[in-house]
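Here is input08.csv, consisting of CSV, C-alpha atoms:
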```csv
chain,number,residue,atom,x,y,z
A,128,MET,CA,-35.3,-34.8,-22.2
A,129,ARG,CA,-37.5,-37.9,-21.8
A,130,ALA,CA,-38.9,-39.4,-25.0
A,131,GLN,CA,-42.5,-39.5,-23.6
A,132,TRP,CA,-44.8,-36.8,-22.3
A,133,THR,CA,-47.5,-37.8,-19.8
A,134,ASP,CA,-51.1,-37.0,-20.7
A,135,HIS,CA,-51.1,-34.5,-17.8
A,136,GLU,CA,-48.0,-32.7,-19.2
A,137,VAL,CA,-49.6,-32.5,-22.7
A,138,GLU,CA,-52.8,-31.0,-21.2
A,139,GLN,CA,-50.7,-28.3,-19.5
A,140,MET,CA,-48.9,-27.5,-22.8
A,141,ILE,CA,-52.1,-27.4,-24.8
A,142,GLY,CA,-53.7,-25.0,-22.3
A,143,ARG,CA,-50.6,-22.7,-22.4
A,144,LEU,CA,-50.5,-22.7,-26.2
A,145,LEU,CA,-54.2,-21.8,-26.5
A,146,GLN,CA,-53.9,-19.0,-24.0
A,147,ILE,CA,-50.8,-17.5,-25.6
A,148,GLY,CA,-52.3,-17.8,-29.1
A,149,VAL,CA,-55.4,-15.9,-28.2
A,150,MET,CA,-53.5,-13.3,-26.3
A,151,ILE,CA,-51.1,-12.5,-29.2
A,152,ALA,CA,-54.0,-12.5,-31.7
A,153,ALA,CA,-56.1,-10.2,-29.6
A,154,ALA,CA,-53.1,-7.8,-29.1
A,155,VAL,CA,-52.4,-7.6,-32.9
A,156,VAL,CA,-56.1,-7.2,-33.7
A,157,THR,CA,-56.4,-4.4,-31.1
A,158,VAL,CA,-53.4,-2.5,-32.5
A,159,GLY,CA,-54.6,-2.9,-36.1
A,160,GLY,CA,-58.2,-2.0,-35.2
A,161,ALA,CA,-57.1,1.2,-33.4
A,162,MET,CA,-55.0,2.2,-36.4
A,163,PHE,CA,-57.9,1.4,-38.7
A,164,LEU,CA,-60.4,3.6,-36.8
A,165,VAL,CA,-58.0,6.5,-36.6
A,166,GLN,CA,-57.5,6.3,-40.4
A,167,HIS,CA,-61.1,5.3,-41.5
A,168,GLY,CA,-63.3,6.2,-38.5
A,169,ARG,CA,-65.2,8.9,-40.5
A,170,ASP,CA,-65.9,6.6,-43.5
A,171,PRO,CA,-69.4,5.4,-44.1
A,172,VAL,CA,-70.4,1.8,-43.3
A,173,GLY,CA,-71.0,-0.5,-46.2
A,174,TYR,CA,-71.4,-4.1,-45.0
A,175,HIS,CA,-75.1,-4.6,-45.9
A,176,GLN,CA,-74.0,-5.8,-49.3
A,177,PHE,CA,-71.4,-8.5,-49.9
A,178,SER,CA,-68.5,-7.5,-52.2
A,179,THR,CA,-67.5,-10.3,-54.6
A,180,SER,CA,-64.4,-8.5,-56.1
A,181,PRO,CA,-61.3,-10.3,-54.8
A,182,SER,CA,-59.1,-8.4,-52.4
A,183,PRO,CA,-55.4,-8.9,-51.2
A,184,LEU,CA,-57.0,-9.5,-47.8
A,185,TRP,CA,-58.4,-12.8,-49.1
A,186,THR,CA,-55.0,-14.5,-49.4
A,187,LEU,CA,-52.2,-15.2,-46.9
A,188,GLY,CA,-49.6,-13.6,-49.2
A,189,GLY,CA,-51.7,-10.5,-49.7
A,190,ILE,CA,-52.1,-10.1,-45.9
A,191,VAL,CA,-48.4,-10.4,-45.2
A,192,GLY,CA,-47.7,-7.9,-48.0
A,193,GLY,CA,-50.2,-5.5,-46.4
A,194,VAL,CA,-48.6,-5.9,-43.0
A,195,ALA,CA,-45.2,-5.0,-44.4
A,196,ALA,CA,-46.7,-1.8,-45.8
A,197,LEU,CA,-48.3,-1.1,-42.4
A,198,ASP,CA,-51.8,-1.2,-43.8
A,199,SER,CA,-54.2,-1.2,-40.8
A,200,ALA,CA,-56.8,-3.6,-42.3
A,201,SER,CA,-54.0,-6.1,-43.2
A,202,ILE,CA,-52.7,-5.9,-39.6
A,203,VAL,CA,-56.2,-6.7,-38.3
A,204,GLN,CA,-56.5,-9.6,-40.8
A,205,PHE,CA,-53.1,-10.9,-39.8
A,206,GLY,CA,-54.2,-11.0,-36.2
A,207,LEU,CA,-57.3,-12.9,-37.3
A,208,VAL,CA,-55.2,-15.4,-39.2
A,209,LEU,CA,-53.1,-15.9,-36.0
A,210,LEU,CA,-56.3,-16.6,-34.2
A,211,ILE,CA,-57.5,-19.1,-36.8
A,212,ALA,CA,-54.0,-20.7,-36.7
A,213,THR,CA,-54.2,-21.2,-32.8
A,214,PRO,CA,-56.5,-24.3,-32.9
A,215,VAL,CA,-54.5,-25.6,-35.8
A,216,MET,CA,-51.2,-25.3,-33.8
A,217,ARG,CA,-53.0,-27.1,-31.0
A,218,VAL,CA,-53.7,-30.0,-33.3
A,219,ALA,CA,-50.0,-30.0,-34.4
A,220,LEU,CA,-48.9,-30.0,-30.8
A,221,THR,CA,-51.2,-33.0,-30.1
A,222,LEU,CA,-49.7,-34.8,-33.1
A,223,VAL,CA,-46.2,-34.3,-31.6
A,224,ALA,CA,-47.4,-35.6,-28.3
A,225,PHE,CA,-48.9,-38.7,-29.8
A,226,ALA,CA,-45.7,-39.2,-31.8
A,227,ARG,CA,-43.7,-39.1,-28.6
A,228,GLN,CA,-46.1,-41.6,-27.0
A,229,ARG,CA,-45.7,-43.8,-30.1
A,230,ASP,CA,-49.5,-44.0,-30.3
A,231,ARG,CA,-49.8,-45.0,-34.0
A,232,LEU,CA,-53.6,-44.9,-34.2
A,233,TYR,CA,-53.8,-41.4,-32.8
A,234,ILE,CA,-50.8,-40.2,-34.8
A,235,ALA,CA,-52.9,-41.2,-37.9
A,236,LEU,CA,-56.1,-39.6,-36.7
A,237,THR,CA,-54.5,-36.4,-35.7
A,238,ALA,CA,-52.5,-36.1,-38.9
A,239,VAL,CA,-55.8,-36.4,-41.0
A,240,VAL,CA,-57.4,-33.6,-38.9
A,241,LEU,CA,-54.3,-31.4,-39.3
A,242,ALA,CA,-54.2,-32.0,-43.1
A,243,LEU,CA,-57.9,-31.1,-43.4
A,244,LEU,CA,-57.3,-27.9,-41.4
A,245,LEU,CA,-54.2,-26.8,-43.4
A,246,TYR,CA,-55.9,-27.6,-46.7
A,247,GLY,CA,-58.7,-25.2,-45.8
A,248,LEU,CA,-56.5,-22.5,-44.4
A,249,ILE,CA,-53.7,-22.5,-47.0
A,250,TRP,CA,-55.6,-23.3,-50.2
A,251,GLY,CA,-59.0,-22.1,-49.2
A,252,ARG,CA,-60.7,-25.1,-50.7
A,253,ALA,CA,-63.5,-27.1,-49.2
B,161,MET,CA,-73.5,5.9,-39.8
B,162,THR,CA,-69.7,6.3,-39.7
B,163,LEU,CA,-67.3,3.4,-39.1
B,164,ASP,CA,-66.2,4.6,-35.6
B,165,ILE,CA,-69.8,4.8,-34.2
B,166,PHE,CA,-70.6,1.4,-35.9
B,167,ALA,CA,-67.5,-0.2,-34.4
B,168,LEU,CA,-68.4,1.1,-30.9
B,169,LEU,CA,-72.0,-0.2,-31.2
B,170,VAL,CA,-70.9,-3.6,-32.5
B,171,ILE,CA,-68.3,-3.9,-29.6
B,172,LEU,CA,-71.1,-3.1,-27.1
B,173,GLY,CA,-73.6,-5.6,-28.6
B,174,SER,CA,-70.9,-8.3,-28.9
B,175,PHE,CA,-69.8,-7.7,-25.3
B,176,LEU,CA,-73.3,-8.3,-24.1
B,177,ALA,CA,-73.6,-11.5,-26.4
B,178,GLY,CA,-70.3,-12.8,-25.0
B,179,LEU,CA,-71.3,-12.0,-21.4
B,180,LEU,CA,-74.7,-13.7,-21.6
B,181,GLY,CA,-73.2,-16.6,-23.6
B,182,ALA,CA,-70.6,-17.3,-21.0
B,183,LEU,CA,-73.0,-16.9,-18.0
B,184,THR,CA,-75.6,-19.2,-19.5
B,185,GLY,CA,-73.2,-21.7,-21.0
B,186,LEU,CA,-74.9,-21.4,-24.4
B,187,GLY,CA,-72.0,-19.4,-26.0
B,188,GLY,CA,-72.2,-15.9,-27.5
B,189,GLY,CA,-71.7,-17.2,-31.0
B,190,LEU,CA,-75.3,-18.2,-31.2
B,191,ILE,CA,-76.7,-14.7,-31.3
B,192,VAL,CA,-73.8,-12.8,-33.0
B,193,VAL,CA,-75.1,-13.6,-36.5
B,194,PRO,CA,-78.8,-12.6,-35.8
B,195,MET,CA,-77.6,-9.5,-34.0
B,196,LEU,CA,-75.4,-8.4,-36.9
B,197,THR,CA,-78.0,-9.2,-39.6
B,198,LEU,CA,-81.1,-8.0,-37.8
B,199,LEU,CA,-79.9,-5.0,-35.9
B,200,PHE,CA,-76.9,-3.8,-38.0
B,201,HIS,CA,-78.2,-5.0,-41.4
B,202,VAL,CA,-74.9,-6.7,-42.2
B,203,ASP,CA,-74.8,-9.2,-45.1
B,204,ILE,CA,-75.1,-12.7,-43.6
B,205,ARG,CA,-71.8,-13.9,-45.1
B,206,TYR,CA,-69.8,-11.1,-43.3
B,207,ALA,CA,-71.8,-11.9,-40.1
B,208,ILE,CA,-70.9,-15.6,-40.4
B,209,GLY,CA,-67.2,-14.8,-40.9
B,210,ALA,CA,-67.1,-12.5,-37.9
B,211,SER,CA,-69.1,-14.9,-35.7
B,212,LEU,CA,-66.7,-17.8,-36.4
B,213,ILE,CA,-63.8,-15.6,-35.4
B,214,SER,CA,-65.5,-14.8,-32.1
B,215,VAL,CA,-66.3,-18.5,-31.6
B,216,ILE,CA,-62.6,-19.4,-32.0
B,217,ALA,CA,-61.5,-16.7,-29.6
B,218,THR,CA,-63.9,-17.6,-26.7
B,219,SER,CA,-63.7,-21.4,-27.0
B,220,SER,CA,-59.8,-21.4,-27.1
B,221,GLY,CA,-59.7,-19.0,-24.1
B,222,ALA,CA,-62.1,-21.2,-22.1
B,223,ALA,CA,-60.5,-24.5,-23.3
B,224,ALA,CA,-57.1,-23.3,-22.0
B,225,ALA,CA,-58.5,-23.4,-18.5
B,226,TYR,CA,-60.6,-26.6,-18.7
B,227,VAL,CA,-57.9,-28.8,-20.3
B,228,ARG,CA,-55.4,-27.9,-17.6
B,229,GLU,CA,-57.9,-28.9,-14.9
B,230,GLY,CA,-58.1,-32.4,-16.4
B,231,TRP,CA,-61.8,-32.4,-17.4
B,232,THR,CA,-61.3,-32.5,-21.2
B,233,ASN,CA,-61.1,-36.0,-22.8
B,234,VAL,CA,-58.4,-35.2,-25.4
B,235,ARG,CA,-58.7,-38.6,-27.2
B,236,VAL,CA,-62.5,-38.3,-27.5
B,237,GLY,CA,-61.9,-34.7,-28.7
B,238,ILE,CA,-59.4,-35.6,-31.4
B,239,PHE,CA,-61.4,-38.6,-32.6
B,240,LEU,CA,-64.6,-36.5,-33.0
B,241,GLU,CA,-62.7,-33.6,-34.5
B,242,LEU,CA,-62.2,-35.9,-37.5
B,243,ALA,CA,-66.0,-35.8,-37.9
B,244,THR,CA,-66.5,-32.1,-37.2
B,245,THR,CA,-63.6,-30.9,-39.5
B,246,MET,CA,-65.0,-33.1,-42.4
B,247,GLY,CA,-68.5,-31.7,-41.7
B,248,ALA,CA,-67.2,-28.1,-41.5
B,249,LEU,CA,-65.3,-28.4,-44.8
B,250,GLY,CA,-68.4,-30.0,-46.4
B,251,GLY,CA,-70.6,-27.2,-44.9
B,252,ALA,CA,-68.2,-24.6,-46.3
B,253,ALA,CA,-68.4,-26.2,-49.7
B,254,LEU,CA,-72.2,-26.2,-49.6
B,255,ALA,CA,-72.5,-22.7,-48.3
B,256,GLY,CA,-71.9,-21.1,-51.7
B,257,PHE,CA,-74.9,-22.9,-53.2
B,258,ILE,CA,-77.4,-22.3,-50.4
B,259,PRO,CA,-79.6,-19.1,-50.8
B,260,THR,CA,-79.1,-16.7,-47.9
B,261,ARG,CA,-82.9,-16.9,-47.2
B,262,ALA,CA,-82.6,-20.7,-46.6
B,263,LEU,CA,-79.6,-20.0,-44.3
B,264,ALA,CA,-81.8,-17.5,-42.3
B,265,ALA,CA,-84.6,-20.1,-42.0
B,266,LEU,CA,-82.1,-22.8,-40.9
B,267,PHE,CA,-80.7,-20.4,-38.3
B,268,GLY,CA,-84.2,-19.7,-37.0
B,269,VAL,CA,-84.8,-23.5,-36.5
B,270,VAL,CA,-81.4,-24.0,-34.8
B,271,LEU,CA,-82.0,-21.1,-32.4
B,272,LEU,CA,-85.5,-22.4,-31.5
B,273,TYR,CA,-84.0,-25.9,-30.8
B,274,SER,CA,-81.2,-24.4,-28.7
B,275,ALA,CA,-83.8,-22.4,-26.7
B,276,PHE,CA,-85.8,-25.6,-26.2
B,277,ARG,CA,-82.7,-27.5,-25.0
B,278,SER,CA,-81.7,-24.8,-22.6
B,279,VAL,CA,-85.0,-24.9,-20.7
B,280,GLN,CA,-85.2,-28.7,-20.6
B,281,THR,CA,-84.1,-30.3,-17.4
B,282,ARG,CA,-81.0,-32.5,-17.7
B,283,GLU,CA,-81.4,-36.2,-17.2
B,284,GLU,CA,-78.7,-37.8,-15.1
B,285,HIS,CA,-77.3,-41.1,-16.6
B,286,ALA,CA,-75.0,-43.8,-15.5
B,287,ILE,CA,-71.3,-43.3,-16.6
B,288,ASP,CA,-70.1,-46.8,-16.0
B,289,GLY,CA,-72.2,-48.8,-18.5
B,290,PRO,CA,-70.5,-51.2,-20.9
B,291,SER,CA,-68.0,-49.6,-23.3
B,292,HIS,CA,-68.7,-49.6,-27.0
B,293,PRO,CA,-66.2,-51.9,-28.9
B,294,TRP,CA,-64.8,-48.9,-30.7
B,295,ALA,CA,-64.3,-47.1,-27.4
B,296,LYS,CA,-62.0,-49.9,-26.3
B,297,ARG,CA,-60.2,-50.0,-29.6
B,298,LEU,CA,-59.8,-46.1,-29.6
B,299,ARG,CA,-59.0,-46.1,-25.8
B,300,LEU,CA,-61.7,-43.4,-25.2
B,301,ASP,CA,-62.6,-44.5,-21.6
B,302,SER,CA,-61.0,-42.2,-19.1
B,303,SER,CA,-61.5,-40.5,-15.7
B,304,TYR,CA,-62.1,-37.1,-14.3
B,305,PRO,CA,-60.9,-35.4,-11.1
B,306,THR,CA,-63.1,-35.4,-7.9
B,307,PRO,CA,-62.2,-34.4,-4.4
B,308,ASN,CA,-61.9,-38.2,-3.6
B,309,GLY,CA,-59.6,-39.0,-6.5
B,310,GLU,CA,-60.2,-39.9,-10.1
B,311,GLN,CA,-63.6,-41.2,-11.2
B,312,ARG,CA,-63.6,-43.6,-14.1
B,313,TYR,CA,-66.2,-43.5,-16.9
B,314,SER,CA,-66.8,-45.5,-20.0
B,315,VAL,CA,-67.9,-44.4,-23.5
B,316,GLN,CA,-70.9,-45.7,-25.4
B,317,GLY,CA,-72.6,-45.0,-28.7
B,318,VAL,CA,-69.5,-44.2,-30.6
B,319,PRO,CA,-70.8,-44.4,-34.3
B,320,ALA,CA,-73.9,-42.5,-33.5
B,321,GLY,CA,-71.9,-39.8,-31.7
B,322,PHE,CA,-69.5,-39.6,-34.6
B,323,SER,CA,-72.4,-39.1,-37.1
B,324,LEU,CA,-74.0,-36.3,-34.9
B,325,MET,CA,-70.6,-34.6,-34.8
B,326,PHE,CA,-70.4,-34.6,-38.6
B,327,GLY,CA,-73.8,-32.8,-38.6
B,328,ALA,CA,-72.5,-30.4,-35.9
B,329,GLY,CA,-69.6,-29.5,-38.2
B,330,ILE,CA,-71.9,-28.8,-41.2
B,331,LEU,CA,-74.1,-26.5,-39.1
B,332,SER,CA,-71.0,-24.7,-37.6
B,333,ALA,CA,-69.8,-23.8,-41.1
B,334,LEU,CA,-73.2,-22.9,-42.6
B,335,LEU,CA,-74.3,-20.7,-39.7
B,336,GLY,CA,-71.0,-19.5,-38.2
B,337,ILE,CA,-71.8,-21.0,-34.7
B,338,GLY,CA,-69.9,-23.3,-32.4
B,339,SER,CA,-72.7,-25.9,-32.5
B,340,GLY,CA,-72.0,-26.6,-28.8
B,341,VAL,CA,-75.6,-27.6,-28.1
B,342,ILE,CA,-75.3,-30.5,-30.6
B,343,LYS,CA,-71.8,-31.4,-29.5
B,344,VAL,CA,-72.9,-31.7,-25.9
B,345,LEU,CA,-76.0,-33.6,-27.0
B,346,ALA,CA,-73.9,-36.1,-28.9
B,347,MET,CA,-71.5,-36.7,-26.0
B,348,ASP,CA,-73.8,-36.5,-23.0
B,349,ARG,CA,-76.9,-38.2,-24.4
B,350,THR,CA,-75.5,-40.6,-27.1
B,351,MET,CA,-72.0,-41.4,-25.8
B,352,LYS,CA,-73.0,-41.2,-22.1
B,353,LEU,CA,-70.0,-39.1,-21.1
B,354,PRO,CA,-70.2,-37.3,-17.7
B,355,PHE,CA,-71.9,-33.9,-18.3
B,356,LYS,CA,-68.9,-31.7,-17.4
B,357,VAL,CA,-66.6,-33.9,-19.5
B,358,SER,CA,-69.1,-33.4,-22.4
B,359,THR,CA,-69.2,-29.6,-22.1
B,360,THR,CA,-65.5,-29.1,-21.7
B,361,THR,CA,-64.6,-31.5,-24.5
B,362,SER,CA,-67.2,-29.8,-26.7
B,363,ASN,CA,-65.5,-26.5,-26.0
B,364,PHE,CA,-62.1,-28.0,-26.8
B,365,MET,CA,-63.4,-29.1,-30.2
B,366,ILE,CA,-65.3,-25.9,-31.1
B,367,GLY,CA,-62.1,-23.9,-31.9
B,368,VAL,CA,-60.9,-26.6,-34.4
B,369,THR,CA,-64.3,-27.0,-36.0
B,370,ALA,CA,-64.7,-23.2,-36.5
B,371,ALA,CA,-61.0,-22.9,-37.7
B,372,ALA,CA,-61.7,-25.4,-40.5
B,373,SER,CA,-64.5,-23.3,-42.1
B,374,ALA,CA,-63.0,-19.9,-41.1
B,375,GLY,CA,-59.8,-20.8,-43.1
B,376,VAL,CA,-61.9,-21.5,-46.2
B,377,TYR,CA,-64.1,-18.4,-45.7
B,378,LEU,CA,-61.0,-16.2,-45.4
B,379,HIS,CA,-60.2,-16.9,-49.1
B,380,ARG,CA,-63.8,-16.2,-50.0
B,381,GLY,CA,-63.9,-12.8,-48.4
B,382,TYR,CA,-66.3,-13.6,-45.6
B,383,ILE,CA,-63.8,-12.4,-43.0
B,384,GLU,CA,-64.1,-8.6,-43.2
B,385,PRO,CA,-61.5,-7.2,-40.8
B,386,ALA,CA,-63.3,-3.9,-40.0
B,387,LEU,CA,-66.4,-6.0,-38.9
B,388,ALA,CA,-64.6,-9.0,-37.4
B,389,PHE,CA,-62.3,-7.0,-35.0
B,390,PRO,CA,-65.1,-5.2,-32.9
B,391,VAL,CA,-67.0,-8.5,-32.8
B,392,MET,CA,-64.0,-10.6,-31.7
B,393,LEU,CA,-62.8,-8.1,-29.0
B,394,GLY,CA,-66.4,-7.5,-27.8
B,395,VAL,CA,-67.3,-11.1,-27.4
B,396,LEU,CA,-64.0,-12.0,-25.9
B,397,GLY,CA,-64.2,-9.2,-23.4
B,398,GLY,CA,-67.8,-10.2,-22.4
B,399,ALA,CA,-66.9,-13.9,-22.1
B,400,LEU,CA,-63.8,-13.1,-19.9
B,401,LEU,CA,-66.0,-11.0,-17.6
B,402,GLY,CA,-68.7,-13.6,-17.6
B,403,ALA,CA,-66.3,-16.4,-16.5
B,404,ARG,CA,-65.1,-14.1,-13.7
B,405,ILE,CA,-68.5,-13.2,-12.2
B,406,LEU,CA,-70.1,-16.6,-12.9
B,407,SER,CA,-70.1,-17.7,-9.3
B,408,ARG,CA,-71.8,-14.6,-8.1
B,409,ALA,CA,-74.4,-14.3,-10.9
B,410,ASN,CA,-78.1,-15.4,-10.8
B,411,VAL,CA,-77.7,-17.9,-13.6
B,412,LYS,CA,-81.3,-19.1,-13.5
B,413,VAL,CA,-82.7,-15.6,-14.2
B,414,LEU,CA,-80.1,-14.9,-16.9
B,415,ARG,CA,-80.8,-18.2,-18.6
B,416,VAL,CA,-84.5,-17.3,-18.9
B,417,LEU,CA,-83.5,-13.9,-20.2
B,418,PHE,CA,-81.1,-15.3,-22.7
B,419,THR,CA,-83.5,-17.9,-23.9
B,420,ALA,CA,-86.1,-15.2,-24.4
B,421,VAL,CA,-83.6,-13.3,-26.5
B,422,VAL,CA,-82.8,-16.4,-28.5
B,423,VAL,CA,-86.5,-17.1,-29.2
B,424,VAL,CA,-87.1,-13.5,-30.3
B,425,MET,CA,-84.2,-13.7,-32.7
B,426,ALA,CA,-85.3,-17.1,-34.0
B,427,VAL,CA,-88.7,-15.6,-34.9
B,428,GLN,CA,-87.1,-12.6,-36.5
B,429,MET,CA,-84.8,-14.8,-38.6
B,430,LEU,CA,-87.7,-17.0,-39.7
B,431,TYR,CA,-89.7,-13.9,-40.5
B,432,LYS,CA,-86.8,-12.5,-42.5
B,433,ALA,CA,-86.5,-15.7,-44.5
B,434,LEU,CA,-90.2,-15.8,-45.3
B,435,LYS,CA,-90.6,-12.1,-46.0
B,436,ALA,CA,-87.8,-12.0,-48.6
B,437,GLY,CA,-89.6,-14.9,-50.3
B,438,GLY,CA,-92.9,-13.0,-50.7
```
This entry written out as structure tokens:
Amino acid sequence: MRAQWTDHEVEQMIGRLLQIGVMIAAAVVTVGGAMFLVQHGRDPVGYHQFSTSPSPLWTLGGIVGGVAALDSASIVQFGLVLLIATPVMRVALTLVAFARQRDRLYIALTAVVLALLLYGLIWGRA
Amino acid sequence: MTLDIFALLVILGSFLAGLLGALTGLGGGLIVVPMLTLLFHVDIRYAIGASLISVIATSSGAAAAYVREGWTNVRVGIFLELATTMGALGGAALAGFIPTRALAALFGVVLLYSAFRSVQTREEHAIDGPSHPWAKRLRLDSSYPTPNGEQRYSVQGVPAGFSLMFGAGILSALLGIGSGVIKVLAMDRTMKLPFKVSTTTSNFMIGVTAAASAGVYLHRGYIEPALAFPVMLGVLGGALLGARILSRANVKVLRVLFTAVVVVMAVQMLYKALKAGG
């Protein structure tokens, strides 16, 4: 494999990555959502008031644990995390591309963007 | 109301928002929060979380097509994403301290401004002016495809554009929107990029901007799966259909219709903000 990717090749890879990420996330969310409605479709709606009591659905570990137990809300939430991760993966791919082009300035810029995104997604701090 | 009826109605409403958003180029995210809070009486924090999810889905889907066609300026996108992600994290940090009434008022103002921008006629500008010194250093100048080969363009107003993007990031996090109107304003008007490069690069950046605050909000419980899934699937479905029928649609009429919807929602949001105060 050549060490460098051309800008055009990078654009094609980014496009494909975004497309696949959204498709997988939408598929997982659809399956989880259908399961959720079968199980909870007759429950009353209660989203007019915000619930401040922490839930396992608020942490990445809690979501993965729920998916393992086949909990429908956790499966939906896992699909949503995959969706949030899609642009983050795109930034990571761009970082690899700049690294292959030995573009130091853009390696640094992209690394900062990626660090900010991971900080928010993993630790939930802002 | 039971959850199954609620999910069905939310999917339908979100589908319409996504369809009109794609056909008019304003994006469906702009009216998802007003729709959820005003029509479905959802708490604005859940509405913001669900809206950000729909914004990531539609912008990533559309960006996939544009970036492959060579319109998107990836370097401009990455450089400005530094500003939008910092703004989005700052906005997410601020969000907890801002009363929901003030958020509703801010939303009303942003909706009115977006409506105003959408009816304004676009001014053409030269794309070959002198590059800003930072644009040279950052190698932002690029080209876009035309039937007669690549057309070069230069980039101006880099610091001003960067600052505007920071503001776009804050608004995106506070209101759960893509802030495409401000992103395009920064690139088209301030940085003098060609219009289609501005819109496609804006779209490219929206997913990253929204992901920054959505990641934080996940840990704060703003992302409610039972609400976010019908919103995401509805808006995505509407946006996909919109992109498919765009060439056959009467965009002018739809634009007037959508602008009217945005103005009505703006007034309602402002009324809600004031009423709660009295």
At most 6 Å to chain A: residues in chain B, all atoms listed in the file, as a count of residues only | 25
note - CA of Gln311 in chain B and CA of Val357 in chain B are separated by 11.5 Å
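Using all atoms listed in the file, the nearest neighbour of Arg231 in chain A within the list B:Leu271, B:Ala420, B:Leu298, B:Ala399 is B:Leu298.
Of the listed residues (B:Ala217, B:Val395, B:Leu345, B:Ala243), B:Ala217 comes nearest to Ile151 in chain A; the distances count all atoms listed in the file.
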CA of Leu176 in chain B sits from CA of Gly398 in chain B at a separation of 6.1 Å
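What separates CA of Ile208 in chain B from CA of Tyr382 in chain B is a distance of 7.2 Å.
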Discussion item. Using all atoms listed in the file, list the residues that have an atom at most 7 Å from (-68.0, -23.2, -45.2), coordinates as in the file, as a list in words.
Written reply: Ala248, Leu249, Gly250, Gly251, Ala252, Ala253, Leu254, Ala255, Ala333, Leu334, Ser373, Val376 and Tyr377 of chain B
Would you pick out the contacts of Ile213 in chain B at 7 Å or less, using all atoms listed in the file, so that residues sharing its chain but fewer than 4 positions from it are not included, and give the list as a PyMOL selection string?
chain B and resi 209+217+388+392
